[in-house]
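**Q** Sending over query-v5.csv (CSV, C-alpha atoms).
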chain,number,residue,atom,x,y,z
V,1,MET,CA,0.5,-26.7,-0.3
V,2,SER,CA,3.2,-26.5,-2.9
V,3,ALA,CA,6.5,-28.0,-3.8
V,4,PRO,CA,9.5,-25.7,-2.9
V,5,MET,CA,10.8,-23.6,-5.7
V,6,ALA,CA,13.6,-25.1,-7.8
V,7,PRO,CA,16.6,-22.8,-8.5
V,8,ALA,CA,15.4,-21.8,-11.9
V,9,GLU,CA,12.0,-20.9,-10.4
V,10,TRP,CA,13.6,-18.8,-7.7
V,11,ARG,CA,15.5,-16.9,-10.3
V,12,ALA,CA,12.4,-16.4,-12.5
V,13,ALA,CA,10.1,-15.3,-9.6
V,14,LEU,CA,12.6,-12.8,-8.2
V,15,THR,CA,13.6,-11.3,-11.5
V,16,ALA,CA,9.9,-10.8,-12.5
V,17,GLU,CA,9.2,-9.0,-9.2
V,18,GLY,CA,12.2,-6.7,-9.6
V,19,VAL,CA,14.3,-8.2,-6.8
V,20,ARG,CA,18.0,-7.5,-7.0
V,21,TYR,CA,19.8,-10.6,-5.9
V,22,THR,CA,23.1,-12.5,-5.9
V,23,GLU,CA,23.7,-16.2,-5.6
V,24,LEU,CA,26.0,-17.6,-2.9
V,25,GLU,CA,28.1,-20.4,-4.2
V,26,GLY,CA,26.6,-23.8,-3.5
V,27,TRP,CA,23.1,-22.4,-2.7
V,28,THR,CA,21.3,-24.7,-5.1
V,29,THR,CA,22.4,-27.8,-3.1
V,30,ARG,CA,22.8,-26.3,0.4
V,31,GLY,CA,20.3,-27.5,3.0
V,32,ARG,CA,19.7,-29.8,6.0
V,33,ASP,CA,17.6,-32.4,4.2
V,34,ALA,CA,20.2,-35.2,4.1
V,35,ALA,CA,21.6,-34.4,7.6
V,36,THR,CA,18.2,-34.5,9.3
V,37,GLY,CA,16.5,-37.1,7.1
V,38,LYS,CA,13.7,-34.6,6.7
V,39,LYS,CA,12.8,-33.3,3.3
V,40,PHE,CA,12.0,-29.6,2.8
V,41,GLY,CA,8.5,-29.2,1.6
V,42,PRO,CA,5.7,-29.0,0.9
V,43,VAL,CA,5.7,-25.3,1.7
V,44,TYR,CA,2.9,-23.2,3.0
V,45,GLY,CA,4.2,-19.7,3.6
V,46,SER,CA,7.1,-17.3,4.1
V,47,LEU,CA,8.5,-16.7,7.6
V,48,ASN,CA,10.4,-13.5,8.2
V,49,HIS,CA,13.2,-12.8,10.7
V,50,HIS,CA,15.6,-10.1,11.7
V,51,THR,CA,19.2,-11.1,12.3
V,52,ALA,CA,19.7,-9.4,15.7
V,53,GLY,CA,23.3,-8.9,14.6
V,54,THR,CA,25.5,-7.4,11.9
V,55,ASN,CA,27.4,-8.8,9.0
V,56,SER,CA,25.4,-12.0,9.5
V,57,LEU,CA,25.8,-13.8,6.1
V,58,HIS,CA,28.7,-16.0,7.3
V,59,ALA,CA,26.7,-17.3,10.3
V,60,ILE,CA,23.5,-17.8,8.2
V,61,ALA,CA,25.3,-19.7,5.4
V,62,TYR,CA,28.3,-21.4,7.1
V,63,SER,CA,28.9,-21.3,10.8
V,64,GLY,CA,25.3,-21.4,12.1
V,65,GLN,CA,24.1,-20.4,15.5
V,66,SER,CA,25.6,-23.3,17.5
V,67,SER,CA,26.4,-27.0,17.2
V,68,ALA,CA,22.8,-27.6,18.0
V,69,VAL,CA,21.6,-25.1,15.4
V,70,PRO,CA,23.9,-25.5,12.4
V,71,ALA,CA,23.7,-23.6,9.1
V,72,PRO,CA,22.0,-22.8,6.9
V,73,LEU,CA,19.8,-20.6,9.1
V,74,ALA,CA,17.7,-19.2,6.2
V,75,HIS,CA,17.0,-19.6,2.6
V,76,THR,CA,17.8,-16.0,1.9
V,77,TYR,CA,19.6,-13.1,3.5
V,78,LEU,CA,18.7,-9.5,3.0
V,79,PRO,CA,21.5,-6.9,3.9
V,80,LYS,CA,21.1,-3.2,4.2
V,81,ASN,CA,21.9,-2.5,0.6
V,82,GLY,CA,18.7,-4.3,-0.5
V,83,VAL,CA,20.5,-6.9,-2.6
V,84,LEU,CA,19.0,-10.3,-1.6
V,85,VAL,CA,21.4,-13.2,-1.2
V,86,LEU,CA,20.2,-16.7,-2.1
V,87,VAL,CA,21.7,-19.0,0.6
V,88,ALA,CA,20.0,-22.4,0.4
V,89,ALA,CA,17.4,-24.2,-1.7
V,90,GLY,CA,16.9,-27.0,0.9
V,91,ARG,CA,15.8,-27.3,4.5
V,92,ALA,CA,17.1,-24.4,6.7
V,93,ASN,CA,17.2,-24.0,10.5
V,94,HIS,CA,15.2,-20.8,10.8
V,95,ALA,CA,11.7,-21.5,12.1
V,96,GLY,CA,12.0,-24.1,14.9
V,97,LEU,CA,8.8,-25.2,16.4
V,98,ALA,CA,5.7,-23.3,15.3
V,99,ALA,CA,2.5,-23.3,17.3
V,100,LYS,CA,-0.1,-25.3,15.4
V,101,ASN,CA,-2.8,-22.7,15.8
V,102,SER,CA,-0.5,-20.1,14.2
V,103,PHE,CA,0.7,-22.5,11.5
V,104,ASP,CA,-2.9,-23.5,10.6
V,105,ALA,CA,-3.8,-19.8,10.2
V,106,ILE,CA,-0.9,-19.3,7.8
V,107,VAL,CA,-2.0,-22.3,5.8
V,108,ALA,CA,-5.6,-21.0,5.7
V,109,GLU,CA,-4.4,-17.5,5.0
V,110,ARG,CA,-6.5,-16.1,7.8
V,111,PRO,CA,-5.5,-13.7,10.7
V,112,ILE,CA,-2.8,-15.3,12.8
V,113,PRO,CA,-3.6,-15.8,16.5
V,114,LYS,CA,-1.1,-15.5,19.3
V,115,PRO,CA,1.0,-18.7,19.2
V,116,ASP,CA,-0.4,-21.2,21.7
V,117,LYS,CA,1.9,-24.2,22.5
V,118,SER,CA,-1.0,-26.1,23.9
V,119,THR,CA,-2.5,-26.5,20.4
V,120,GLY,CA,0.5,-28.6,19.4
V,121,THR,CA,3.6,-27.7,17.4
V,122,VAL,CA,4.7,-28.1,13.8
V,123,ASP,CA,8.4,-28.1,12.6
V,124,GLY,CA,8.4,-24.9,10.7
V,125,ASN,CA,11.7,-25.8,9.0
V,126,ASP,CA,9.9,-28.4,7.0
V,127,ALA,CA,7.2,-26.2,5.6
V,128,LEU,CA,8.2,-22.5,5.6
V,129,TYR,CA,10.6,-20.4,3.6
V,130,GLY,CA,12.8,-18.3,5.8
V,131,VAL,CA,14.5,-14.9,5.2
V,132,GLU,CA,16.9,-13.2,7.6
V,133,VAL,CA,16.8,-9.4,7.3
V,134,GLU,CA,19.9,-7.5,8.6
V,135,ASN,CA,18.8,-5.5,11.6
V,136,LEU,CA,19.5,-5.4,15.3
V,137,GLY,CA,15.8,-5.2,16.1
V,138,ASN,CA,16.6,-2.7,18.9
V,139,GLY,CA,14.3,0.1,17.8
V,140,VAL,CA,17.2,2.2,16.8
V,141,ASP,CA,18.8,0.4,13.9
V,142,LEU,CA,17.0,1.2,10.6
V,143,TYR,CA,15.8,-1.1,7.9
V,144,THR,CA,16.9,1.0,4.8
V,145,ARG,CA,14.4,2.0,2.1
V,146,ALA,CA,16.2,-0.3,-0.4
V,147,GLN,CA,16.1,-3.2,2.1
V,148,TYR,CA,12.4,-2.8,2.9
V,149,ASP,CA,11.5,-2.5,-0.8
V,150,THR,CA,13.3,-5.7,-1.6
V,151,TRP,CA,11.7,-7.3,1.5
V,152,VAL,CA,8.2,-6.6,0.1
V,153,ARG,CA,9.2,-7.7,-3.4
V,154,TYR,CA,10.7,-10.9,-2.1
V,155,ASN,CA,7.6,-12.0,-0.2
V,156,ALA,CA,5.4,-11.0,-3.1
V,157,ALA,CA,7.6,-13.1,-5.5
V,158,LEU,CA,7.0,-16.2,-3.3
V,159,CYS,CA,3.3,-15.5,-3.0
V,160,ARG,CA,2.9,-14.9,-6.7
V,161,HIS,CA,4.7,-18.0,-7.7
V,162,HIS,CA,2.7,-20.2,-5.4
V,163,GLY,CA,-0.6,-18.5,-5.8
V,164,TRP,CA,-0.7,-17.3,-2.2
V,165,SER,CA,-2.1,-14.1,-0.8
V,166,GLY,CA,-0.4,-11.8,1.6
V,167,GLY,CA,-1.9,-14.0,4.4
V,168,SER,CA,0.8,-16.5,3.7
V,169,VAL,CA,3.4,-14.0,5.0
V,170,ALA,CA,4.3,-14.3,8.7
V,171,GLY,CA,6.8,-13.3,11.3
V,172,HIS,CA,8.8,-15.5,13.6
V,173,LEU,CA,7.1,-13.7,16.5
V,174,GLU,CA,3.7,-14.9,15.2
V,175,THR,CA,4.6,-18.6,15.2
V,176,SER,CA,7.3,-19.1,17.9
V,177,VAL,CA,6.5,-21.1,21.0
V,178,GLU,CA,9.7,-19.6,22.6
V,179,GLY,CA,8.5,-16.0,22.5
V,180,LYS,CA,10.9,-14.9,19.7
V,181,PRO,CA,10.4,-11.1,19.0
V,182,ASP,CA,11.6,-11.0,15.3
V,183,PRO,CA,11.1,-9.2,13.1
V,184,ALA,CA,11.0,-5.8,14.7
V,185,GLY,CA,12.6,-2.3,14.3
V,186,ILE,CA,12.2,0.9,12.4
V,187,VAL,CA,11.9,1.3,8.6
V,188,GLU,CA,13.5,4.3,6.9
V,189,GLY,CA,10.7,4.5,4.5
V,190,TYR,CA,8.8,2.9,1.6
V,191,GLY,CA,7.1,4.3,-1.4
V,192,ARG,CA,5.5,7.6,-0.3
V,193,ARG,CA,5.9,6.7,3.3
V,194,GLY,CA,8.5,8.2,5.6
V,195,ARG,CA,9.9,6.6,8.7
V,196,PHE,CA,7.6,4.1,10.4
V,197,THR,CA,7.7,1.2,12.9
V,198,PHE,CA,7.8,-2.2,11.3
V,199,THR,CA,4.8,-4.5,11.9
V,200,MET,CA,3.9,-7.7,10.2
V,201,ALA,CA,0.4,-6.3,9.4
V,202,GLN,CA,2.0,-3.5,7.4
V,203,LEU,CA,4.4,-5.9,5.6
V,204,ARG,CA,1.4,-8.0,4.7
V,205,ALA,CA,-0.5,-5.0,3.5
V,206,ASP,CA,2.4,-3.9,1.3
V,207,VAL,CA,2.8,-7.4,-0.1
V,208,ALA,CA,-1.0,-7.5,-0.9
V,209,GLU,CA,-0.7,-4.1,-2.6
V,210,ARG,CA,2.1,-5.5,-4.8
V,211,LEU,CA,0.1,-8.6,-5.6
V,212,ALA,CA,-2.8,-6.4,-6.8
V,213,HIS,CA,-0.5,-5.1,-9.5
V,214,PRO,CA,1.6,-6.8,-12.2
V,215,ALA,CA,5.0,-8.1,-11.0
V,216,SER,CA,6.7,-5.2,-12.9
V,217,TRP,CA,4.9,-2.6,-10.7
V,218,SER,CA,6.8,-0.2,-8.5
V,219,PRO,CA,5.2,2.1,-5.8
V,220,SER,CA,5.5,5.8,-6.2
V,221,THR,CA,8.3,7.3,-4.2
V,222,GLN,CA,6.8,10.8,-3.7
V,223,GLU,CA,6.3,11.2,0.0
V,224,THR,CA,2.9,12.5,1.3
V,225,ASP,CA,4.5,15.3,3.2
V,226,THR,CA,5.8,17.1,0.2
V,227,VAL,CA,4.6,20.5,-0.9
V,228,PRO,CA,1.0,20.2,-2.1
V,229,ASP,CA,-0.3,21.1,-5.6
V,230,TYR,CA,-2.4,24.3,-5.8
V,231,VAL,CA,-5.7,23.9,-7.7
V,232,ASN,CA,-7.6,27.1,-8.8
V,233,LEU,CA,-10.4,26.4,-11.2
V,234,GLY,CA,-13.3,28.4,-12.5
V,235,LEU,CA,-15.7,29.2,-15.3
V,236,VAL,CA,-15.0,31.2,-18.4
V,237,HIS,CA,-18.7,31.8,-19.0
V,238,SER,CA,-21.8,31.5,-16.8
V,239,TYR,CA,-24.4,28.8,-17.7
V,240,GLN,CA,-28.0,27.9,-17.0
V,241,LEU,CA,-28.9,25.3,-14.4
V,242,ALA,CA,-32.2,23.5,-15.2
V,243,PRO,CA,-34.5,22.6,-12.3
V,244,GLY,CA,-34.8,19.2,-10.7
V,245,LEU,CA,-31.6,17.4,-11.9
V,246,TRP,CA,-28.2,16.9,-10.3
V,247,ASP,CA,-25.7,18.5,-12.7
V,248,ASP,CA,-21.8,18.5,-12.5
V,249,ILE,CA,-20.0,21.8,-12.5
V,250,GLU,CA,-17.7,21.7,-15.5
V,251,PHE,CA,-14.8,23.9,-14.8
V,252,THR,CA,-13.5,25.7,-18.0
V,253,THR,CA,-10.4,27.5,-16.8
V,254,GLU,CA,-7.4,27.0,-14.5
V,255,TRP,CA,-6.2,30.1,-12.8
V,256,THR,CA,-2.7,29.3,-11.8
V,257,ASP,CA,0.7,30.6,-12.9
V,258,GLU,CA,1.9,27.0,-13.5
V,259,PRO,CA,-1.0,24.7,-14.5
V,260,ASP,CA,-0.5,21.3,-13.1
V,261,GLY,CA,-2.6,19.1,-15.2
V,262,HIS,CA,-5.8,19.5,-13.2
V,263,ALA,CA,-9.0,18.9,-15.1
V,264,THR,CA,-10.4,21.7,-17.2
V,265,ASN,CA,-13.4,21.4,-19.5
V,266,SER,CA,-14.2,18.6,-17.1
V,267,PRO,CA,-16.3,18.0,-13.9
V,268,THR,CA,-13.3,16.3,-12.2
V,269,PHE,CA,-11.3,18.6,-9.9
V,270,VAL,CA,-9.0,16.0,-8.2
V,271,LYS,CA,-8.1,12.4,-8.8
V,272,GLY,CA,-7.1,9.8,-6.1
V,273,ALA,CA,-5.1,8.6,-4.3
V,274,ALA,CA,-5.1,12.1,-2.8
V,275,ARG,CA,-6.2,14.3,0.1
V,276,PHE,CA,-7.3,17.9,-0.3
V,277,THR,CA,-8.6,20.9,1.5
V,278,GLY,CA,-10.1,24.1,0.1
V,279,SER,CA,-13.3,25.8,-0.8
V,280,LEU,CA,-15.8,26.5,-3.6
V,281,SER,CA,-17.2,30.0,-4.0
V,282,LEU,CA,-20.5,30.1,-5.8
V,283,ARG,CA,-22.7,32.9,-7.1
V,284,PHE,CA,-26.2,32.3,-8.6
V,285,GLU,CA,-28.4,34.8,-10.4
V,286,GLY,CA,-32.2,34.2,-10.8
V,287,LEU,CA,-32.5,32.0,-7.7
V,288,PRO,CA,-35.9,33.1,-6.2
V,289,LYS,CA,-35.7,34.3,-2.7
V,290,GLY,CA,-36.1,31.4,-0.2
V,291,GLU,CA,-35.5,28.7,-2.9
V,292,VAL,CA,-32.6,26.4,-2.7
V,293,VAL,CA,-29.7,25.1,-4.8
V,294,GLN,CA,-28.1,22.0,-3.2
V,295,VAL,CA,-24.3,21.4,-3.5
V,296,ARG,CA,-22.4,18.2,-2.9
V,297,MET,CA,-19.2,16.4,-3.7
V,298,SER,CA,-19.5,13.1,-5.4
V,299,GLU,CA,-17.0,10.3,-6.1
V,300,TYR,CA,-16.8,8.5,-9.4
V,301,ASP,CA,-14.6,5.7,-10.6
V,302,ASP,CA,-12.4,5.8,-13.7
V,303,ALA,CA,-15.2,4.4,-15.8
V,304,GLY,CA,-17.5,7.3,-14.9
V,305,ALA,CA,-19.7,5.3,-12.5
V,306,LEU,CA,-21.0,7.2,-9.4
V,307,LYS,CA,-19.5,5.5,-6.3
V,308,ALA,CA,-20.3,7.8,-3.3
V,309,ASP,CA,-22.1,11.0,-2.5
V,310,HIS,CA,-21.0,13.4,0.3
V,311,PRO,CA,-23.1,15.6,2.6
V,312,ILE,CA,-25.3,18.3,1.0
V,313,HIS,CA,-24.8,22.0,1.4
V,314,GLU,CA,-27.6,24.4,0.6
V,315,VAL,CA,-27.5,27.8,-1.0
V,316,ILE,CA,-30.7,29.8,-0.2
V,317,GLY,CA,-31.9,32.4,-2.7
V,318,THR,CA,-31.7,36.1,-1.7
V,319,ALA,CA,-32.7,39.3,-3.4
V,320,GLY,CA,-30.0,40.6,-5.8
V,321,GLY,CA,-28.0,37.4,-6.2
V,322,SER,CA,-27.2,34.4,-4.1
V,323,TYR,CA,-23.7,33.6,-2.7
V,324,ALA,CA,-22.1,30.7,-0.8
V,325,ILE,CA,-18.7,29.4,0.1
V,326,VAL,CA,-18.7,25.6,0.4
V,327,PRO,CA,-15.8,23.8,2.3
V,328,LEU,CA,-14.0,21.0,0.4
V,329,THR,CA,-11.9,18.6,2.5
V,330,LYS,CA,-11.6,14.9,1.9
V,331,ARG,CA,-9.3,11.9,1.4
V,332,LEU,CA,-9.8,10.2,-2.0
V,333,ALA,CA,-8.9,6.6,-2.7
V,334,ALA,CA,-6.9,5.5,-5.7
V,335,GLY,CA,-9.1,5.0,-8.8
V,336,ARG,CA,-11.6,7.6,-7.7
V,337,ASN,CA,-12.2,11.2,-8.8
V,338,MET,CA,-14.1,14.0,-7.2
V,339,ARG,CA,-16.7,16.2,-8.8
V,340,VAL,CA,-19.0,19.0,-7.5
V,341,ARG,CA,-22.7,18.6,-8.4
V,342,LEU,CA,-25.6,21.1,-8.1
V,343,LEU,CA,-29.4,20.5,-7.8
V,344,ASN,CA,-31.7,23.4,-8.6
V,345,GLN,CA,-34.8,22.8,-6.4
V,346,SER,CA,-36.7,25.9,-7.7
V,347,ASP,CA,-39.1,25.7,-10.6
V,348,ASP,CA,-37.1,28.0,-12.8
V,349,GLN,CA,-33.7,28.0,-14.5
V,350,VAL,CA,-31.0,29.5,-12.4
V,351,GLU,CA,-27.8,31.1,-13.8
V,352,VAL,CA,-24.5,29.7,-12.3
V,353,ALA,CA,-22.8,33.1,-12.6
V,354,SER,CA,-19.5,32.1,-11.0
V,355,ALA,CA,-17.9,29.0,-9.5
V,356,VAL,CA,-14.3,29.4,-8.2
V,357,LEU,CA,-12.6,26.3,-6.6
V,358,THR,CA,-9.4,26.6,-4.7
V,359,ALA,CA,-7.7,23.7,-3.0
V,360,LEU,CA,-4.4,22.3,-1.8
V,361,VAL,CA,-3.9,18.7,-3.0
V,362,TRP,CA,-1.5,16.1,-1.6
V,363,GLU,CA,-1.0,12.9,-3.6
V,364,GLY,CA,-1.3,9.7,-1.7
Write out the structure in this file as structure tokens.
**A**
Amino acid sequence: MSAPMAPAEWRAALTAEGVRYTELEGWTTRGRDAATGKKFGPVYGSLNHHTAGTNSLHAIAYSGQSSAVPAPLAHTYLPKNGVLVLVAAGRANHAGLAAKNSFDAIVAERPIPKPDKSTGTVDGNDALYGVEVENLGNGVDLYTRAQYDTWVRYNAALCRHHGWSGGSVAGHLETSVEGKPDPAGIVEGYGRRGRFTFTMAQLRADVAERLAHPASWSPSTQETDTVPDYVNLGLVHSYQLAPGLWDDIEFTTEWTDEPDGHATNSPTFVKGAARFTGSLSLRFEGLPKGEVVQVRMSEYDDAGALKADHPIHEVIGTAGGSYAIVPLTKRLAAGRNMRVRLLNQSDDQVEVASAVLTALVWEG
């Protein structure tokens, strides 16, 4: 429960979150509080809508939907260009009646159940911020990249100001007892993501991601379907592998025409967030026939702590040298890095004569 933001707080929260915005004349005093005798607030969350029309600002701020549903119809309006418009600081006619079971979930920041009128209703106009996002909601009209980026930032700004999580962000379809379908549609893209179908779950996830960073953060805009980086690492010199201990392969050269900053003189061969596929070619000398060197990929965090081990591959000793090609395919989360480790299970030192890693790496 929080008091609605004052105009100065709106400006500060939006500016900090990197929201581009304009102020419609009279927005600081516009609202339905006096006309209805109902004061806006306290507030519990952010309710999101699409306009189901075009060039909707006039209706939202001035003409309203009908005589029964006069303006303002939202606190903010988000057009295709991604520049948010501040419409009203007071009570707005955007939410109507919200099912109590859905409203209670928003307040508690837990998963929102299907709205059930039999649980009772709450006047959402009293307690929820409302944003109208320009879109027909017909599955053809696109939310632009700029529009969706502002949409995420806007909701994060409200949440950050009030100390809410992404669980305080809801869609009209999640609260309406009239079966309203908004918001819906197709998004042109966001961050590294290409075109995708809008869902409230995705919007909440994107808001939560923003809230996990400082307000000044911006998502990377490199899409995941771009040309991957090529990683080709190896050893300048062979080295001895002692028995009985897991030991990282420390690659000491990068065999590419255009080195791309992949680790050399380091056990790390790729850093997350990333996905990769490739192989590791190994040659051992001095591994007794029938003895084993185990090979596995292991995940570490940025502080160097081991976080996860992946399945083991075994190289079995043969006469005249021992060879193996180990497949490398994995998705790696942000803040993780991947190494290859070896365990010599024989009683003698073994020479790691060659280790050549080749992989294609996609960021994200």
**Q** With 10 Å as the threshold, what does the neighbourhood of (7.6, -22.9, 5.8) contain in terms of residues, counting all atoms listed in the file? Coordinates are those of the file; answer as a list in words.
**A**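 Every residue inside that radius is included here: Pro4, Phe40, Gly41, Pro42, Val43, Tyr44, Gly45, Ser46, Leu47, Arg91, Ala92, His94, Ala95, Ala98, Phe103, Ile106, Val107, Val122, Asp123, Gly124, Asn125, Asp126, Ala127, Leu128, Tyr129, Gly130, Ser168, Val169 and Ala170 of chain V.
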**Q** Determine, counting only C-alpha atoms, which protein, DNA and RNA residues have an atom within 8 Å of an atom of Pro288 (chain V); residues of the same chain fewer than 4 positions away are not included. Present the result as a PyMOL selection string.
**A** chain V and resi 317-319+346
**Q** Just checking: using only C-alpha atoms, which residue out of V:Ala108, V:Ala157, V:Val69, V:Leu343 ends up closest to Ala12 (chain V)?
**A** V:Ala157
**Q** From the set V:Trp164, V:Gly179, V:Asn337, V:Leu78, which residue has the shortest atom-to-atom contact distance to Asp116 (chain V), counting all atoms listed in the file?
**A**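 Nearest candidate to Asp116 (chain V) out of V:Trp164, V:Gly179, V:Asn337, V:Leu78: V:Gly179.
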**Q** Could you jot down the CA of Ala201 (chain V) to CA of Glu109 (chain V) separation for me, Å, one decimal place?
**A**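 Pair CA of Ala201 (chain V) / CA of Glu109 (chain V) returns 13.0 Å.
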**Q** Could you check which of V:Ala99, V:Ala184, V:Leu282, V:Leu342 is closest to Leu357 (chain V), using all atoms listed in the file?
**A**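 Checking each of V:Ala99, V:Ala184, V:Leu282, V:Leu342 against Leu357 (chain V), counting all atoms listed in the file, the winner is V:Leu282.
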**Q** With all atoms listed in the file counted and 12 Å as the cut-off, give the residues of region 160-189 of chain V in contact with region 13-20 of chain V, each with its shortest interatomic distance in Å and the pair that gives it, as a tab-separated table.
**A**
residue	atom	partner	partner_atom	distance
V:Arg160	CA	V:Ala13	CA	7.8
V:His161	CA	V:Ala13	CA	6.3
V:His162	CA	V:Ala13	CA	9.8
V:Gly163	CA	V:Ala13	CA	11.8
**Q** Between CA of Pro214 (chain V) and CA of Tyr190 (chain V), what is the distance, to one decimal in Å?
**A** 18.3 Å
**Q** Could you give me, as a PyMOL selection string, the residues within 6 Å of Lys100 (chain V), counting only C-alpha atoms and dropping anything in the same chain fewer than 4 positions from it?
**A** chain V and resi 104+119-122
**Q** With distances taken over all atoms listed in the file, which residue among V:Arg341, V:Arg110, V:Lys307, V:Arg30 lies nearest Ala88 (chain V)?
**A** V:Arg30
**Q** Excluding Pro327 (chain V) and any residue of its chain fewer than 4 positions from it, enumerate the residues within 10 Å of it, using all atoms listed in the file, and give them as a list in words.
**A**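 Returned residues: Thr277, Gly278, Ser279, Leu280, Ser281, His313, Leu357, Thr358 and Ala359 of chain V.
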**Q** With C-alpha atoms retained, export the selected residues as a PDB file, in the coordinates of the input.
**A**
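Writing the result to part_4.pdb gives the following:
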ATOM      1  CA  THR V 277      -8.600  20.900   1.500  1.00  0.00           C
ATOM      2  CA  GLY V 278     -10.100  24.100   0.100  1.00  0.00           C
ATOM      3  CA  SER V 279     -13.300  25.800  -0.800  1.00  0.00           C
ATOM      4  CA  LEU V 280     -15.800  26.500  -3.600  1.00  0.00           C
ATOM      5  CA  SER V 281     -17.200  30.000  -4.000  1.00  0.00           C
ATOM      6  CA  HIS V 313     -24.800  22.000   1.400  1.00  0.00           C
ATOM      7  CA  LEU V 357     -12.600  26.300  -6.600  1.00  0.00           C
ATOM      8  CA  THR V 358      -9.400  26.600  -4.700  1.00  0.00           C
ATOM      9  CA  ALA V 359      -7.700  23.700  -3.000  1.00  0.00           C
TER      10      ALA V 359
END
**Q** Interatomic distance between CA of Ala146 (chain V) and CA of Leu203 (chain V)?
**A**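 So the two atoms, CA of Ala146 (chain V) and CA of Leu203 (chain V), lie 14.4 Å apart.
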**Q** When you count only C-alpha atoms, which of these residues is closest to His172 (chain V): V:Ala303, V:Val207, V:Ala215, V:Leu97?
**A**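 Ranked by minimum distance to His172 (chain V), first place goes to V:Leu97.
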**Q** Compare V:Val133, V:Ala34, V:Val292, V:Leu173 by their minimum atom-to-atom distance to Ile316 (chain V), counting only C-alpha atoms, and give me the closest one.
**A**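 Checking each of V:Val133, V:Ala34, V:Val292, V:Leu173 against Ile316 (chain V), counting only C-alpha atoms, the winner is V:Val292.
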**Q** Which polymer residues have any atom within 10 Å of an atom of region 243-248 of chain V, counting only C-alpha atoms, with same-chain residues fewer than 4 positions away left out, as a compact mmCIF listing (two decimals) with C-alpha atoms, in the frame of the given file?
**A**
# COMPACT_ATOMS: atom_id res chain seq x y z
CA SER V 266 -14.20 18.60 -17.10
CA PRO V 267 -16.30 18.00 -13.90
CA THR V 268 -13.30 16.30 -12.20
CA VAL V 293 -29.70 25.10 -4.80
CA GLN V 294 -28.10 22.00 -3.20
CA VAL V 295 -24.30 21.40 -3.50
CA ARG V 296 -22.40 18.20 -2.90
CA MET V 297 -19.20 16.40 -3.70
CA SER V 298 -19.50 13.10 -5.40
CA ARG V 339 -16.70 16.20 -8.80
CA VAL V 340 -19.00 19.00 -7.50
CA ARG V 341 -22.70 18.60 -8.40
CA LEU V 342 -25.60 21.10 -8.10
CA LEU V 343 -29.40 20.50 -7.80
CA ASN V 344 -31.70 23.40 -8.60
CA GLN V 345 -34.80 22.80 -6.40
CA SER V 346 -36.70 25.90 -7.70
CA ASP V 347 -39.10 25.70 -10.60
CA ASP V 348 -37.10 28.00 -12.80
CA GLN V 349 -33.70 28.00 -14.50
CA VAL V 350 -31.00 29.50 -12.40
**Q** Which residues are close to Tyr239 (chain V), i.e. within 8 Å by only C-alpha atoms, leaving aside same-chain residues fewer than 3 positions away? Reply as a VMD selection string.
**A** chain V and resid 351 to 353
